[in-house]
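Written out below as C-alpha cells is the structure these notes cover.
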Amino acid sequence: MNTSIIEVVDLTFDYPGFRALDRVNLSIAPGTVTALVGPNGAGKTTLLRCIAALNIPQSGTVRVAGLDVYESPREVHRLMGYLSDNFGLYSELTVAQGLEYAARSQGLATADVAQAVQATAQRMGLQDKLGKLASTLSRGQRQRLAIGQAIIHAPRVLLLDEPASGLDPEARSALAQVFKALQAQGMSLLVSSHILAELDEYSTHMLALNNGRVLEHRALNQPANGASDGPTERLLRLEFAEPAQAAASWLQMQPGVHVKRAEAHAIEIGFSGNAAAQAALVGACAAAGYGLTVIAPMTENLQQSYLRSLQAERHAATTRQVTP
C-alpha cells in the first residue's frame, strides 16, 4: 500500500535551453514538514509548481494522495494549499472578505464559509483584523493572511515558497509556530526557504536539490545516507581535562567508535553502541587514565546537513571529471 502523500517519479522539466528538473524521484510521508533547500536555480520553485500542477513537465508523474496531479488537477487542488513566493492579495478587500473569497473559490458550501473564515482568522492570529483592509496590514500580517487563504479549505498538503521572505525575526518565529500547529493537526508541509535557521525550528525532513537533481532526502533525526545494516551511529562530543591527542588514538581502537574530529581538548566521535556500551566506554576511558570531563550528544542542524550534502556532491562531481 502506498503511504506517501506526495510521490514524484522521473520528473523532468525544461525551460528553453535549460533543464530545471532532471529525473527527480521522491516520496513524502503524511504529516511531515519537509525543508526544500538548495542554491538559486536548483529547481525548488519549479518542483513546487509541478507538484501543484501549475507547470507541465516534459516527462514524469506526480501524485498527491494517490491522485495524478495532471490527470485530476481540480481534485488535487481541493486537497492542496499553495503559497507562491510573490503572492498577491486584494488590497481593497478586508481580511474577512479575502478569506471569504478564498473559501468560496475553493468550493466550500455557503453554510460553511462564515465558520471557516472565523476559524482560519483565529488560527492565523488575525481575529482582531477581520475588518481591516489588506493594504493596511504589516508584512507579517499580510503573510499570515495569504497562508490563511491557502489553508481555509483544510487541505491535506501545503506548499510554501519562501514564506518567511522579508519578515523580521519575531514574525518568522510566529510563522514557525503556525507551521508546527498545522503539522500537529495532520497537515503535510513542503517549505522552500533560504532561511535555514528558521526551517530548523519546525522541519522534520530535508530535501536538498542542486542542478535539478535530488542531493539528499532524509529525516533530520536520522544519519546521512539512510540507515545502515548495523546499529545507528550517534554523534557524541567528548571533552578532556588534558590535551586530547593521545585519547583520540586510543578511542579509535575502541569498539563502536569512529573518531571524526579532534580539537585541543575535545573529540567528536560517531558511536554505534547503546546506553550500556556508552557507560562502559566512559569507564574504560577513566581506567585508561584519560580525564574525561564531558560526554554529550551532538546534533547536526539543517544548515550543516545541507552544506555537507552540497560539499559531498561537488566532491563527487570533481572526482567524475578527473577520472578517465
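Identifiers in this document derive from the order of the C-alpha cells: chains are assigned A, B, ..., residues are numbered from 1 separately in each chain, and ligands are numbered from 1 in order of occurrence.
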- Message: I'd like the neighbourhood of A:Ser173 as a ChimeraX atom specification, where a residue qualifies if any of its atoms comes within 12 Å (using only C-alpha atoms), though same-chain residues fewer than 3 positions away should be ignored.
- Response: /A:140,163-164,167-170,176-180,195,197-202
Requested write-out: all heavy atoms of the selected residues, as a tab-separated table (two decimals), in the first residue's frame:
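The result, written out as again-v8.tsv:
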```tsv
chain	number	residue	atom	x	y	z
A	140	GLY	N	4.14	40.93	8.07
A	140	GLY	CA	3.87	39.64	8.70
A	140	GLY	C	2.40	39.29	8.69
A	140	GLY	O	2.02	38.13	8.48
A	163	PRO	N	8.14	31.40	2.42
A	163	PRO	CA	7.07	32.03	3.21
A	163	PRO	C	7.56	33.09	4.19
A	163	PRO	O	6.78	33.93	4.61
A	163	PRO	CB	6.44	30.85	3.94
A	163	PRO	CG	7.53	29.84	4.06
A	163	PRO	CD	8.32	29.98	2.79
A	164	ALA	N	8.85	33.04	4.58
A	164	ALA	CA	9.34	33.99	5.58
A	164	ALA	C	10.14	35.12	4.96
A	164	ALA	O	10.75	35.91	5.68
A	164	ALA	CB	10.19	33.27	6.61
A	167	LEU	N	10.40	38.93	6.37
A	167	LEU	CA	9.85	39.05	7.72
A	167	LEU	C	10.96	39.29	8.74
A	167	LEU	O	12.09	38.81	8.58
A	167	LEU	CB	9.09	37.78	8.10
A	167	LEU	CG	7.88	37.40	7.25
A	167	LEU	CD1	7.20	36.18	7.85
A	167	LEU	CD2	6.91	38.56	7.13
A	168	ASP	N	10.62	40.01	9.81
A	168	ASP	CA	11.60	40.20	10.88
A	168	ASP	C	11.64	38.95	11.75
A	168	ASP	O	10.79	38.06	11.62
A	168	ASP	CB	11.26	41.45	11.70
A	168	ASP	CG	9.89	41.38	12.36
A	168	ASP	OD1	9.49	40.29	12.83
A	168	ASP	OD2	9.21	42.42	12.42
A	169	PRO	N	12.63	38.83	12.64
A	169	PRO	CA	12.78	37.60	13.44
A	169	PRO	C	11.54	37.24	14.24
A	169	PRO	O	11.18	36.06	14.35
A	169	PRO	CB	13.97	37.91	14.35
A	169	PRO	CG	14.78	38.89	13.56
A	169	PRO	CD	13.78	39.74	12.83
A	170	GLU	N	10.86	38.24	14.81
A	170	GLU	CA	9.66	37.95	15.60
A	170	GLU	C	8.55	37.37	14.73
A	170	GLU	O	7.88	36.39	15.11
A	170	GLU	CB	9.17	39.22	16.29
A	170	GLU	CG	7.98	38.98	17.21
A	170	GLU	CD	7.53	40.23	17.93
A	170	GLU	OE1	8.11	41.31	17.68
A	170	GLU	OE2	6.60	40.14	18.76
A	176	ALA	N	6.69	30.15	12.35
A	176	ALA	CA	7.14	28.79	12.66
A	176	ALA	C	6.14	28.09	13.59
A	176	ALA	O	5.87	26.89	13.43
A	176	ALA	CB	8.52	28.83	13.30
A	177	GLN	N	5.59	28.82	14.55
A	177	GLN	CA	4.61	28.24	15.46
A	177	GLN	C	3.34	27.84	14.71
A	177	GLN	O	2.71	26.82	15.01
A	177	GLN	CB	4.27	29.23	16.58
A	177	GLN	CG	5.46	29.59	17.46
A	177	GLN	CD	6.20	28.38	18.00
A	177	GLN	OE1	5.59	27.45	18.54
A	177	GLN	NE2	7.51	28.38	17.84
A	178	VAL	N	2.95	28.64	13.72
A	178	VAL	CA	1.80	28.30	12.89
A	178	VAL	C	2.04	26.98	12.17
A	178	VAL	O	1.18	26.09	12.14
A	178	VAL	CB	1.49	29.42	11.88
A	178	VAL	CG1	0.45	28.97	10.85
A	178	VAL	CG2	1.00	30.67	12.61
A	179	PHE	N	3.23	26.83	11.57
A	179	PHE	CA	3.53	25.62	10.81
A	179	PHE	C	3.57	24.39	11.72
A	179	PHE	O	3.12	23.31	11.33
A	179	PHE	CB	4.86	25.78	10.07
A	179	PHE	CG	4.84	26.84	9.01
A	179	PHE	CD1	6.01	27.46	8.60
A	179	PHE	CD2	3.65	27.25	8.42
A	179	PHE	CE1	6.00	28.44	7.62
A	179	PHE	CE2	3.62	28.23	7.45
A	179	PHE	CZ	4.80	28.82	7.05
A	180	LYS	N	4.09	24.56	12.93
A	180	LYS	CA	4.09	23.44	13.88
A	180	LYS	C	2.66	23.02	14.22
A	180	LYS	O	2.36	21.82	14.31
A	180	LYS	CB	4.83	23.84	15.17
A	180	LYS	CG	6.33	23.96	15.03
A	180	LYS	CD	6.94	24.40	16.36
A	180	LYS	CE	8.44	24.60	16.27
A	180	LYS	NZ	9.01	25.06	17.56
A	195	ILE	N	16.22	30.68	4.42
A	195	ILE	CA	16.50	30.95	5.83
A	195	ILE	C	16.52	29.62	6.57
A	195	ILE	O	15.53	29.17	7.14
A	195	ILE	CB	15.44	31.91	6.43
A	195	ILE	CG1	15.31	33.16	5.55
A	195	ILE	CG2	15.82	32.31	7.84
A	195	ILE	CD1	14.15	34.05	5.94
A	197	ALA	N	18.01	28.56	9.28
A	197	ALA	CA	17.82	28.57	10.73
A	197	ALA	C	16.34	28.57	11.07
A	197	ALA	O	15.91	27.93	12.04
A	197	ALA	CB	18.52	29.78	11.35
A	198	GLU	N	15.54	29.27	10.27
A	198	GLU	CA	14.09	29.31	10.51
A	198	GLU	C	13.47	27.95	10.20
A	198	GLU	O	12.62	27.45	10.94
A	198	GLU	CB	13.48	30.41	9.64
A	198	GLU	CG	11.97	30.44	9.61
A	198	GLU	CD	11.41	29.97	8.28
A	198	GLU	OE1	12.11	30.05	7.28
A	198	GLU	OE2	10.27	29.49	8.30
A	199	LEU	N	13.92	27.30	9.13
A	199	LEU	CA	13.41	25.97	8.79
A	199	LEU	C	13.73	24.95	9.88
A	199	LEU	O	12.97	24.02	10.11
A	199	LEU	CB	14.01	25.50	7.47
A	199	LEU	CG	13.49	26.16	6.19
A	199	LEU	CD1	14.33	25.72	4.99
A	199	LEU	CD2	12.03	25.81	5.95
A	200	ASP	N	14.88	25.15	10.54
A	200	ASP	CA	15.29	24.24	11.61
A	200	ASP	C	14.27	24.15	12.74
A	200	ASP	O	14.19	23.15	13.43
A	200	ASP	CB	16.63	24.70	12.20
A	200	ASP	CG	17.75	23.73	11.89
A	200	ASP	OD1	17.47	22.54	11.70
A	200	ASP	OD2	18.90	24.17	11.82
A	201	GLU	N	13.50	25.22	12.93
A	201	GLU	CA	12.56	25.27	14.05
A	201	GLU	C	11.42	24.27	13.91
A	201	GLU	O	10.85	23.85	14.91
A	201	GLU	CB	11.98	26.69	14.19
A	201	GLU	CG	12.95	27.73	14.71
A	201	GLU	CD	12.24	29.01	15.05
A	201	GLU	OE1	11.22	28.95	15.77
A	201	GLU	OE2	12.69	30.09	14.61
A	202	TYR	N	11.06	23.92	12.69
A	202	TYR	CA	9.85	23.11	12.53
A	202	TYR	C	9.97	21.96	11.54
A	202	TYR	O	9.02	21.17	11.43
A	202	TYR	CB	8.67	24.01	12.13
A	202	TYR	CG	8.90	24.88	10.91
A	202	TYR	CD1	8.79	24.37	9.63
A	202	TYR	CD2	9.24	26.23	11.07
A	202	TYR	CE1	9.00	25.18	8.53
A	202	TYR	CE2	9.44	27.03	9.96
A	202	TYR	CZ	9.32	26.51	8.70
A	202	TYR	OH	9.54	27.32	7.60
```
- Would you list, as a PyMOL selection string, the residues of stretch 43-187 of chain A that end up in alpha helix (DSSP H) under DSSP run on this structure's backbone? chain A and resi 44-51+73-78+95-105+110-123+139-151+169-184
Mind dumping a table of every stretch 163-239 of chain A residue within 12 Å of stretch 9-16 of chain A, with the nearest atom pair and its distance in Å to one decimal, using only C-alpha atoms, sorted by chain and rising number, as JSON lines?
```
{"residue": "A:Asn211", "atom": "CA", "partner": "A:Phe13", "partner_atom": "CA", "distance": 11.8}
{"residue": "A:Gly212", "atom": "CA", "partner": "A:Thr12", "partner_atom": "CA", "distance": 8.6}
{"residue": "A:Arg213", "atom": "CA", "partner": "A:Thr12", "partner_atom": "CA", "distance": 9.6}
{"residue": "A:Val214", "atom": "CA", "partner": "A:Leu11", "partner_atom": "CA", "distance": 11.0}
```
- Item | Non-local contacts of A:Gln115 (12 Å; only C-alpha atoms; under 2 positions in same chain excluded) as a ChimeraX atom specification | /A:96,99-100,103,108-113,117-122,152-153
Write to file, as a CSV table (one decimal), in the first residue's frame, the residues of the selection just made, with N, CA, C and O atoms.
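Resulting contents of part-v6.csv:
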```csv
chain,number,residue,atom,x,y,z
A,96,ALA,N,-11.5,39.7,6.3
A,96,ALA,CA,-12.7,38.8,6.2
A,96,ALA,C,-13.1,38.5,4.8
A,96,ALA,O,-13.4,37.4,4.4
A,99,LEU,N,-10.6,36.2,3.0
A,99,LEU,CA,-10.8,34.8,3.4
A,99,LEU,C,-12.0,34.2,2.9
A,99,LEU,O,-12.1,33.0,2.4
A,100,GLU,N,-13.1,35.0,2.8
A,100,GLU,CA,-14.4,34.5,2.3
A,100,GLU,C,-14.2,34.2,0.8
A,100,GLU,O,-14.7,33.2,0.3
A,103,ALA,N,-12.4,31.0,0.4
A,103,ALA,CA,-13.2,29.8,0.8
A,103,ALA,C,-14.2,29.5,-0.4
A,103,ALA,O,-14.4,28.3,-0.7
A,108,LEU,N,-16.2,25.8,-0.9
A,108,LEU,CA,-16.8,25.5,0.3
A,108,LEU,C,-18.3,25.8,0.2
A,108,LEU,O,-18.7,26.8,-0.4
A,109,ALA,N,-19.1,25.1,0.9
A,109,ALA,CA,-20.6,25.3,0.9
A,109,ALA,C,-20.8,26.7,1.6
A,109,ALA,O,-20.2,27.0,2.5
A,110,THR,N,-21.8,27.4,1.1
A,110,THR,CA,-22.2,28.7,1.6
A,110,THR,C,-22.4,28.6,3.1
A,110,THR,O,-22.0,29.5,3.9
A,111,ALA,N,-23.0,27.6,3.6
A,111,ALA,CA,-23.3,27.5,5.0
A,111,ALA,C,-22.1,27.3,5.9
A,111,ALA,O,-22.1,27.5,7.1
A,112,ASP,N,-20.9,26.9,5.2
A,112,ASP,CA,-19.7,26.6,6.0
A,112,ASP,C,-18.7,27.8,5.9
A,112,ASP,O,-17.7,27.8,6.6
A,113,VAL,N,-19.0,28.8,5.1
A,113,VAL,CA,-18.0,29.8,4.8
A,113,VAL,C,-17.7,30.7,6.1
A,113,VAL,O,-16.6,30.9,6.4
A,117,VAL,N,-14.1,31.1,7.9
A,117,VAL,CA,-13.4,32.4,8.0
A,117,VAL,C,-13.0,32.7,9.4
A,117,VAL,O,-11.9,33.1,9.7
A,118,GLN,N,-13.9,32.5,10.4
A,118,GLN,CA,-13.6,32.7,11.8
A,118,GLN,C,-12.5,31.8,12.3
A,118,GLN,O,-11.6,32.2,13.0
A,119,ALA,N,-12.6,30.5,11.9
A,119,ALA,CA,-11.6,29.5,12.4
A,119,ALA,C,-10.3,29.8,11.8
A,119,ALA,O,-9.2,29.7,12.5
A,120,THR,N,-10.2,30.2,10.6
A,120,THR,CA,-8.9,30.5,9.9
A,120,THR,C,-8.3,31.7,10.5
A,120,THR,O,-7.1,31.8,10.8
A,121,ALA,N,-9.1,32.8,10.7
A,121,ALA,CA,-8.6,34.0,11.3
A,121,ALA,C,-8.0,33.8,12.7
A,121,ALA,O,-6.9,34.3,13.0
A,122,GLN,N,-8.7,32.9,13.5
A,122,GLN,CA,-8.2,32.6,14.8
A,122,GLN,C,-6.9,31.8,14.7
A,122,GLN,O,-5.9,32.1,15.4
A,152,ILE,N,-7.7,27.7,4.0
A,152,ILE,CA,-9.1,27.8,4.6
A,152,ILE,C,-9.9,26.6,4.2
A,152,ILE,O,-10.9,26.4,4.9
A,153,HIS,N,-9.6,25.9,3.2
A,153,HIS,CA,-10.4,24.7,2.9
A,153,HIS,C,-9.8,23.4,3.5
A,153,HIS,O,-10.2,22.3,3.1
```
- What does the distance between atom CA of A:Ile269 and atom CA of A:Leu236 come to in Å, to one decimal place? 5.4 Å
- Query: Between atom CA of A:Ala247 and atom CA of A:Gln304, what is the distance, to one decimal in Å?
  - Reply: 26.3 Å
- Grab the atom CA of A:Val24 to atom CA of A:Ala181 distance for me, in Å with one decimal place.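 Calculated distance between atom CA of A:Val24 and atom CA of A:Ala181 is 29.7 Å.
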- Query: Near A:Ser91, counting only C-alpha atoms, which residues have an atom at most 12 Å away, once you skip same-chain residues fewer than 5 positions from it, shown as an MDAnalysis selection string?
  - Reply: chainID A and resid 97:98 132:137 142 145:146
- Rank nothing, just name the residue among A:Gln143, A:Ser59, A:Ser305, A:Gln149 nearest to A:Leu220, using only C-alpha atoms.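 Closest residue, counting only C-alpha atoms: A:Ser305.
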- Compile the contact shell of stretch 252-266 of chain A as JSON, numbers by chain: residues with an atom at most 8 Å away, counting only C-alpha atoms, same-chain residues fewer than 4 positions apart removed. {"A": [237, 238, 239, 240, 241, 242, 243, 244, 245, 248, 270, 271, 272, 273]}
Save the residues we just selected, C-alpha atoms, as a short mmCIF file (atom, residue, chain, number, x, y, z; two decimals), in the first residue's frame?
```cif
data_model
loop_
_atom_site.label_atom_id
_atom_site.label_comp_id
_atom_site.auth_asym_id
_atom_site.auth_seq_id
_atom_site.Cartn_x
_atom_site.Cartn_y
_atom_site.Cartn_z
CA ARG A 237 31.35 15.11 21.87
CA LEU A 238 33.93 14.14 24.49
CA GLU A 239 35.84 16.81 26.42
CA PHE A 240 39.02 16.12 28.39
CA ALA A 241 40.98 17.85 31.14
CA GLU A 242 44.24 17.29 29.24
CA PRO A 243 45.15 17.56 25.52
CA ALA A 244 43.03 15.06 23.62
CA GLN A 245 45.52 13.82 21.00
CA ALA A 248 41.89 10.19 20.11
CA GLY A 270 30.40 8.51 15.88
CA PHE A 271 29.26 5.83 18.32
CA SER A 272 27.14 2.81 17.40
CA GLY A 273 26.76 1.34 20.89
#
```
Name the residues in contact with stretch 67-75 of chain A at a cut-off of 8 Å, using only C-alpha atoms, excluding same-chain residues fewer than 5 positions from it; report them as a short mmCIF file (atom, residue, chain, number, x, y, z; two decimals) with all heavy atoms, in the first residue's frame.
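Writing done, so here's result15.cif:
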```
data_model
loop_
_atom_site.label_atom_id
_atom_site.label_comp_id
_atom_site.auth_asym_id
_atom_site.auth_seq_id
_atom_site.Cartn_x
_atom_site.Cartn_y
_atom_site.Cartn_z
N ILE A 51 4.38 20.08 -8.67
CA ILE A 51 3.54 19.34 -7.73
C ILE A 51 2.15 19.96 -7.68
O ILE A 51 1.14 19.25 -7.55
CB ILE A 51 4.19 19.33 -6.33
CG1 ILE A 51 5.48 18.50 -6.36
CG2 ILE A 51 3.23 18.75 -5.28
CD1 ILE A 51 6.29 18.56 -5.08
N ALA A 52 2.09 21.29 -7.81
CA ALA A 52 0.80 21.99 -7.79
C ALA A 52 0.10 21.98 -9.14
O ALA A 52 -0.96 22.60 -9.29
CB ALA A 52 1.01 23.42 -7.33
N ALA A 53 0.67 21.29 -10.13
CA ALA A 53 0.10 21.21 -11.49
C ALA A 53 0.02 22.57 -12.16
O ALA A 53 -0.83 22.80 -13.03
CB ALA A 53 -1.27 20.54 -11.48
N ILE A 56 3.71 22.05 -16.44
CA ILE A 56 3.56 20.72 -17.03
C ILE A 56 4.93 20.23 -17.47
O ILE A 56 5.59 20.85 -18.30
CB ILE A 56 2.60 20.75 -18.24
CG1 ILE A 56 1.27 21.38 -17.86
CG2 ILE A 56 2.40 19.33 -18.78
CD1 ILE A 56 0.54 20.67 -16.75
N THR A 61 5.74 11.72 -13.55
CA THR A 61 4.43 11.80 -12.92
C THR A 61 4.54 12.37 -11.51
O THR A 61 5.58 12.24 -10.86
CB THR A 61 3.76 10.41 -12.84
OG1 THR A 61 4.60 9.53 -12.07
CG2 THR A 61 3.53 9.83 -14.23
N VAL A 62 3.47 12.99 -11.07
CA VAL A 62 3.35 13.48 -9.70
C VAL A 62 1.99 13.04 -9.17
O VAL A 62 0.97 13.24 -9.84
CB VAL A 62 3.45 15.02 -9.62
CG1 VAL A 62 3.28 15.49 -8.17
CG2 VAL A 62 4.77 15.50 -10.18
#
```
Can you check which parts of stretch 76-195 of chain A lie within 12 Å of stretch 39-46 of chain A? Per residue, the shortest pair of atoms and distance in Å to one decimal, counting only C-alpha atoms, sorted by chain and number, as a tab-separated table.
```
residue	atom	partner	partner_atom	distance
A:Tyr82	CA	A:Thr45	CA	11.5
A:Leu83	CA	A:Thr45	CA	10.9
A:Ser84	CA	A:Thr45	CA	8.4
A:Asp85	CA	A:Thr45	CA	8.5
A:Asn86	CA	A:Thr45	CA	11.2
A:Leu159	CA	A:Thr45	CA	10.1
A:Leu160	CA	A:Thr45	CA	9.4
A:Asp161	CA	A:Thr45	CA	6.7
A:Glu162	CA	A:Thr45	CA	9.2
A:Leu190	CA	A:Lys44	CA	10.4
A:Val191	CA	A:Lys44	CA	9.5
A:Ser192	CA	A:Lys44	CA	6.8
A:Ser193	CA	A:Lys44	CA	9.1
A:His194	CA	A:Pro39	CA	8.2
A:Ile195	CA	A:Pro39	CA	11.6
```
Residues of the last selection are to be written out with C-alpha atoms, as a tab-separated table (two decimals), in the first residue's frame.
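Writing the result to result.tsv gives the following:
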```
chain	number	residue	atom	x	y	z
A	82	TYR	CA	-0.16	26.71	-2.32
A	83	LEU	CA	1.64	29.96	-1.49
A	84	SER	CA	4.00	31.33	-4.14
A	85	ASP	CA	7.00	33.50	-3.32
A	86	ASN	CA	5.32	36.51	-4.95
A	159	LEU	CA	3.24	24.01	-0.46
A	160	LEU	CA	5.09	27.19	0.55
A	161	ASP	CA	7.70	29.04	-1.49
A	162	GLU	CA	9.84	31.38	0.65
A	190	LEU	CA	6.73	21.25	1.83
A	191	VAL	CA	8.55	24.53	2.51
A	192	SER	CA	11.19	26.16	0.32
A	193	SER	CA	13.32	28.79	2.03
A	194	HIS	CA	16.81	30.29	2.09
A	195	ILE	CA	16.50	30.95	5.83
```
